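Peer 1: Questions regarding the structure given below will be posed in turn.
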Amino acid sequence: MAALNEDIPRTCRAGCVVNVGNDFSVVLEDVPVPEPGHDEILLRLSATGLCYTDIHLMLDDLPMPKMLDYGVRSPGHEAVGVVVKLGSNVKSWKIGDRGGVKPLWDVCSQCARCWGGQETYCKKAVHTGCMVTGTYQSYMVSPAKYTTPIPDEVDDFTAAPMMCAGSTMLRSIRTSGLLPGDWAVFCGAGGGVGHIGVQIARAMGMRVIGLDGGDEKGDLCMKLGCEAFVDFSKTKNVEEEVLRITGGEGAHGVFVTATSPSAYKSAPLMVRVGGTVMCIGLPPWGTAFAGADPAIFIGNNLHMIGTQVGSMKDTHDVLEYAARGLVKPVYELYPFSKLPEAVSKLRSGKVAGRCVIDFNA
């Protein structure tokens, strides 16, 4: 195996979850540095974004694979690092290259879903930070074939959120079928996923309405190019306000990046005839329902679509947006030593934009 001209330590620092469930906490521990397999690379991470899915995994409140079932203690699934060691079969990467880790650690690449542009639904998909150790650990292995190359023009703190939040939003916007000039509402527009969606939609020529709560998130949305911002904490009837802004017709599409039941309840009432509601945010299982009375769907020819994270191509493409300066995540930067505090703030829902961890600080 080839290695970088640097000393690779035997152990590294990792954020590990304790007491999975409502009383979980994240503590910093020393863990062994993993050894890459024949078809894997070893990355020394530079930055990782924090995603609310990490919180769901630590709370164990979704019907998905459980960390403890796989012996995983470190979540996280959007990170960028430097290749410091290569598996014996790896020819496509060089020592010193920058690579990105995504929500899916690997897919089979041999099934109809993988071949048909639905690789994120592969039955054999391996989920980062759930089925294998995630990006809360400063060294991690990644399959060479499914690691994303990072363009030189994109810095680490921009690239890390693109691995999940960016590619997820690009996939959803593409799936929605919205066109330039269409009205797009983002529920949770000031959050870690929503604020990136606002920028992508603007870059595609859409007219964007931000929907969120509080002056800080309102200011952020307007700076990112929203034509209007609706503050649910101050607006008596959010649905009527969206209809007013869109000339009485409603939006062509509503993107629900928020995890609140109220967002899913109001979304079908904000779209026009033939409009689309895109389901992205994951509320705790059983707490929310996406939809409305069938008469509303029938009478208005409404569509409701759910999308997961982005594919390899989505990730590549959103990095191109970032390289061109069209998408720039807004983030609160924390040193790795403050990872537990950053996780607590994310859980509280008080983050405008994304939390990003700097492993080198």
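So you can find residues: chains in the structure tokens are A, B, ... in the order shown, residues in each start at 1, and ligands are numbered from 1 in order.
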Which residues of segment 86-172 of chain A come within 10 Å of segment 26-32 of chain A, and what is each one's closest atom pair and distance in Å (one decimal), counting only C-alpha atoms, sorted by chain and residue number, as a Markdown table?
Peer 2:
| residue | atom | partner | partner_atom | distance |
| --- | --- | --- | --- | --- |
| A:Tyr136 | CA | A:Leu28 | CA | 9.4 |
| A:Gln137 | CA | A:Val31 | CA | 8.5 |
| A:Ser138 | CA | A:Val31 | CA | 9.7 |
| A:Tyr139 | CA | A:Pro32 | CA | 9.0 |
Peer 1: List as a ChimeraX atom specification the protein and nucleic acid residues near segment 218-230 of chain A, meaning an atom at most 9 Å away when only C-alpha atoms are counted, but skip any in the same chain fewer than 3 places from it.
Peer 2: /A:189-190,195,198-199,202,207-215,233-235,238,241-242,245,330,352-353
Peer 1: Store the residues picked out above in a file with C-alpha atoms, as a compact mmCIF listing (two decimals), in the first residue's frame.
Peer 2:
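Ended up saving to out39.txt:
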# COMPACT_ATOMS: atom_id res chain seq x y z
CA ALA A 189 -35.26 27.97 3.91
CA GLY A 190 -32.84 29.20 6.56
CA HIS A 195 -30.51 27.58 2.35
CA VAL A 198 -32.52 28.42 -2.26
CA GLN A 199 -29.20 29.08 -3.98
CA ARG A 202 -31.90 30.81 -7.91
CA ARG A 207 -38.37 32.74 -8.25
CA VAL A 208 -37.82 31.75 -4.63
CA ILE A 209 -39.89 32.33 -1.52
CA GLY A 210 -38.20 31.50 1.79
CA LEU A 211 -40.35 30.19 4.62
CA ASP A 212 -38.87 29.95 8.11
CA GLY A 213 -39.01 31.59 11.52
CA GLY A 214 -37.05 34.49 12.98
CA ASP A 215 -35.22 37.60 11.82
CA SER A 233 -43.68 33.06 13.70
CA LYS A 234 -45.16 36.43 12.70
CA THR A 235 -47.56 35.59 9.83
CA VAL A 238 -48.77 31.43 5.87
CA GLU A 241 -49.42 34.98 2.22
CA VAL A 242 -47.77 32.62 -0.29
CA ILE A 245 -47.06 36.75 -3.31
CA VAL A 330 -23.45 29.54 5.11
CA ALA A 352 -28.89 29.34 10.64
CA GLY A 353 -27.25 27.48 7.77
Peer 1: Excluding Gly177 of chain A and its own-chain neighbours fewer than 4 positions away, which residues fall within 12 Å of it when counting only C-alpha atoms? Please give them as a list in words.
Peer 2: Leu170, Arg171, Ser172, Ile173, Asp182, Trp183, Ala184, Ala201, Met204, Met206, His252, Gly253, Val254, Gly274, Gly275, Thr276, Val277, Met278, His303 and Ile305 of chain A
Peer 1: How would the residues just picked look written out with N, CA and C atoms as a PDB file, in the first residue's frame?
Peer 2:
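Output below, filename result_16.pdb:
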ATOM      1  N   LEU A 170     -30.080  19.302  -4.979  1.00  0.00           N
ATOM      2  CA  LEU A 170     -30.026  19.272  -6.445  1.00  0.00           C
ATOM      3  C   LEU A 170     -30.880  18.132  -6.977  1.00  0.00           C
ATOM      4  N   ARG A 171     -30.807  16.980  -6.337  1.00  0.00           N
ATOM      5  CA  ARG A 171     -31.631  15.838  -6.766  1.00  0.00           C
ATOM      6  C   ARG A 171     -33.115  16.179  -6.652  1.00  0.00           C
ATOM      7  N   SER A 172     -33.537  16.809  -5.556  1.00  0.00           N
ATOM      8  CA  SER A 172     -34.947  17.120  -5.364  1.00  0.00           C
ATOM      9  C   SER A 172     -35.439  18.148  -6.382  1.00  0.00           C
ATOM     10  N   ILE A 173     -34.651  19.189  -6.613  1.00  0.00           N
ATOM     11  CA  ILE A 173     -35.059  20.223  -7.562  1.00  0.00           C
ATOM     12  C   ILE A 173     -35.151  19.651  -8.971  1.00  0.00           C
ATOM     13  N   ASP A 182     -40.373  29.700 -12.616  1.00  0.00           N
ATOM     14  CA  ASP A 182     -41.381  29.109 -11.733  1.00  0.00           C
ATOM     15  C   ASP A 182     -41.154  29.571 -10.294  1.00  0.00           C
ATOM     16  N   TRP A 183     -42.263  29.630  -9.550  1.00  0.00           N
ATOM     17  CA  TRP A 183     -42.200  29.971  -8.127  1.00  0.00           C
ATOM     18  C   TRP A 183     -41.861  28.709  -7.317  1.00  0.00           C
ATOM     19  N   ALA A 184     -40.857  28.843  -6.453  1.00  0.00           N
ATOM     20  CA  ALA A 184     -40.449  27.731  -5.582  1.00  0.00           C
ATOM     21  C   ALA A 184     -40.435  28.214  -4.141  1.00  0.00           C
ATOM     22  N   ALA A 201     -31.855  26.812  -6.638  1.00  0.00           N
ATOM     23  CA  ALA A 201     -33.045  27.225  -7.377  1.00  0.00           C
ATOM     24  C   ALA A 201     -32.834  28.585  -8.042  1.00  0.00           C
ATOM     25  N   MET A 204     -30.814  28.258 -11.073  1.00  0.00           N
ATOM     26  CA  MET A 204     -31.585  27.678 -12.167  1.00  0.00           C
ATOM     27  C   MET A 204     -32.642  28.639 -12.703  1.00  0.00           C
ATOM     28  N   MET A 206     -35.199  30.179 -10.948  1.00  0.00           N
ATOM     29  CA  MET A 206     -36.518  30.140 -10.314  1.00  0.00           C
ATOM     30  C   MET A 206     -36.729  31.352  -9.415  1.00  0.00           C
ATOM     31  N   HIS A 252     -45.352  26.915  -7.950  1.00  0.00           N
ATOM     32  CA  HIS A 252     -45.253  25.737  -8.820  1.00  0.00           C
ATOM     33  C   HIS A 252     -44.726  24.537  -8.031  1.00  0.00           C
ATOM     34  N   GLY A 253     -43.917  24.822  -7.030  1.00  0.00           N
ATOM     35  CA  GLY A 253     -43.377  23.749  -6.215  1.00  0.00           C
ATOM     36  C   GLY A 253     -43.085  24.208  -4.805  1.00  0.00           C
ATOM     37  N   VAL A 254     -43.313  23.315  -3.838  1.00  0.00           N
ATOM     38  CA  VAL A 254     -42.962  23.568  -2.441  1.00  0.00           C
ATOM     39  C   VAL A 254     -41.992  22.481  -2.011  1.00  0.00           C
ATOM     40  N   GLY A 274     -51.763  21.780 -10.571  1.00  0.00           N
ATOM     41  CA  GLY A 274     -50.669  21.084 -11.238  1.00  0.00           C
ATOM     42  C   GLY A 274     -49.350  21.180 -10.511  1.00  0.00           C
ATOM     43  N   GLY A 275     -49.370  21.796  -9.321  1.00  0.00           N
ATOM     44  CA  GLY A 275     -48.139  22.001  -8.575  1.00  0.00           C
ATOM     45  C   GLY A 275     -47.629  20.739  -7.909  1.00  0.00           C
ATOM     46  N   THR A 276     -46.406  20.847  -7.361  1.00  0.00           N
ATOM     47  CA  THR A 276     -45.715  19.689  -6.794  1.00  0.00           C
ATOM     48  C   THR A 276     -45.196  20.006  -5.397  1.00  0.00           C
ATOM     49  N   VAL A 277     -45.402  19.069  -4.479  1.00  0.00           N
ATOM     50  CA  VAL A 277     -44.811  19.146  -3.145  1.00  0.00           C
ATOM     51  C   VAL A 277     -43.668  18.132  -3.089  1.00  0.00           C
ATOM     52  N   MET A 278     -42.482  18.609  -2.764  1.00  0.00           N
ATOM     53  CA  MET A 278     -41.312  17.741  -2.662  1.00  0.00           C
ATOM     54  C   MET A 278     -40.999  17.478  -1.192  1.00  0.00           C
ATOM     55  N   HIS A 303     -49.215  16.977  -7.117  1.00  0.00           N
ATOM     56  CA  HIS A 303     -48.242  15.880  -7.122  1.00  0.00           C
ATOM     57  C   HIS A 303     -47.438  15.960  -5.825  1.00  0.00           C
ATOM     58  N   ILE A 305     -43.952  14.138  -4.151  1.00  0.00           N
ATOM     59  CA  ILE A 305     -42.826  13.263  -4.466  1.00  0.00           C
ATOM     60  C   ILE A 305     -41.802  13.328  -3.333  1.00  0.00           C
TER      61      ILE A 305
END
Peer 1: Go through A:Asp7, A:Glu341, A:Glu216, A:Asp61 one by one, measure the shortest atom-to-atom distance of each to Gly191 of chain A using only C-alpha atoms, and give the residue with the smallest value.
Peer 2: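 Ranked by minimum distance to Gly191 of chain A, first place goes to A:Glu216.
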Peer 1: Measuring atom to atom with only C-alpha atoms, identify which of A:Ser260, A:Lys102, A:Pro284, A:Thr120 is nearest to Asp60 of chain A.
Peer 2: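 Smallest separation from Asp60 of chain A among the options: A:Pro284.
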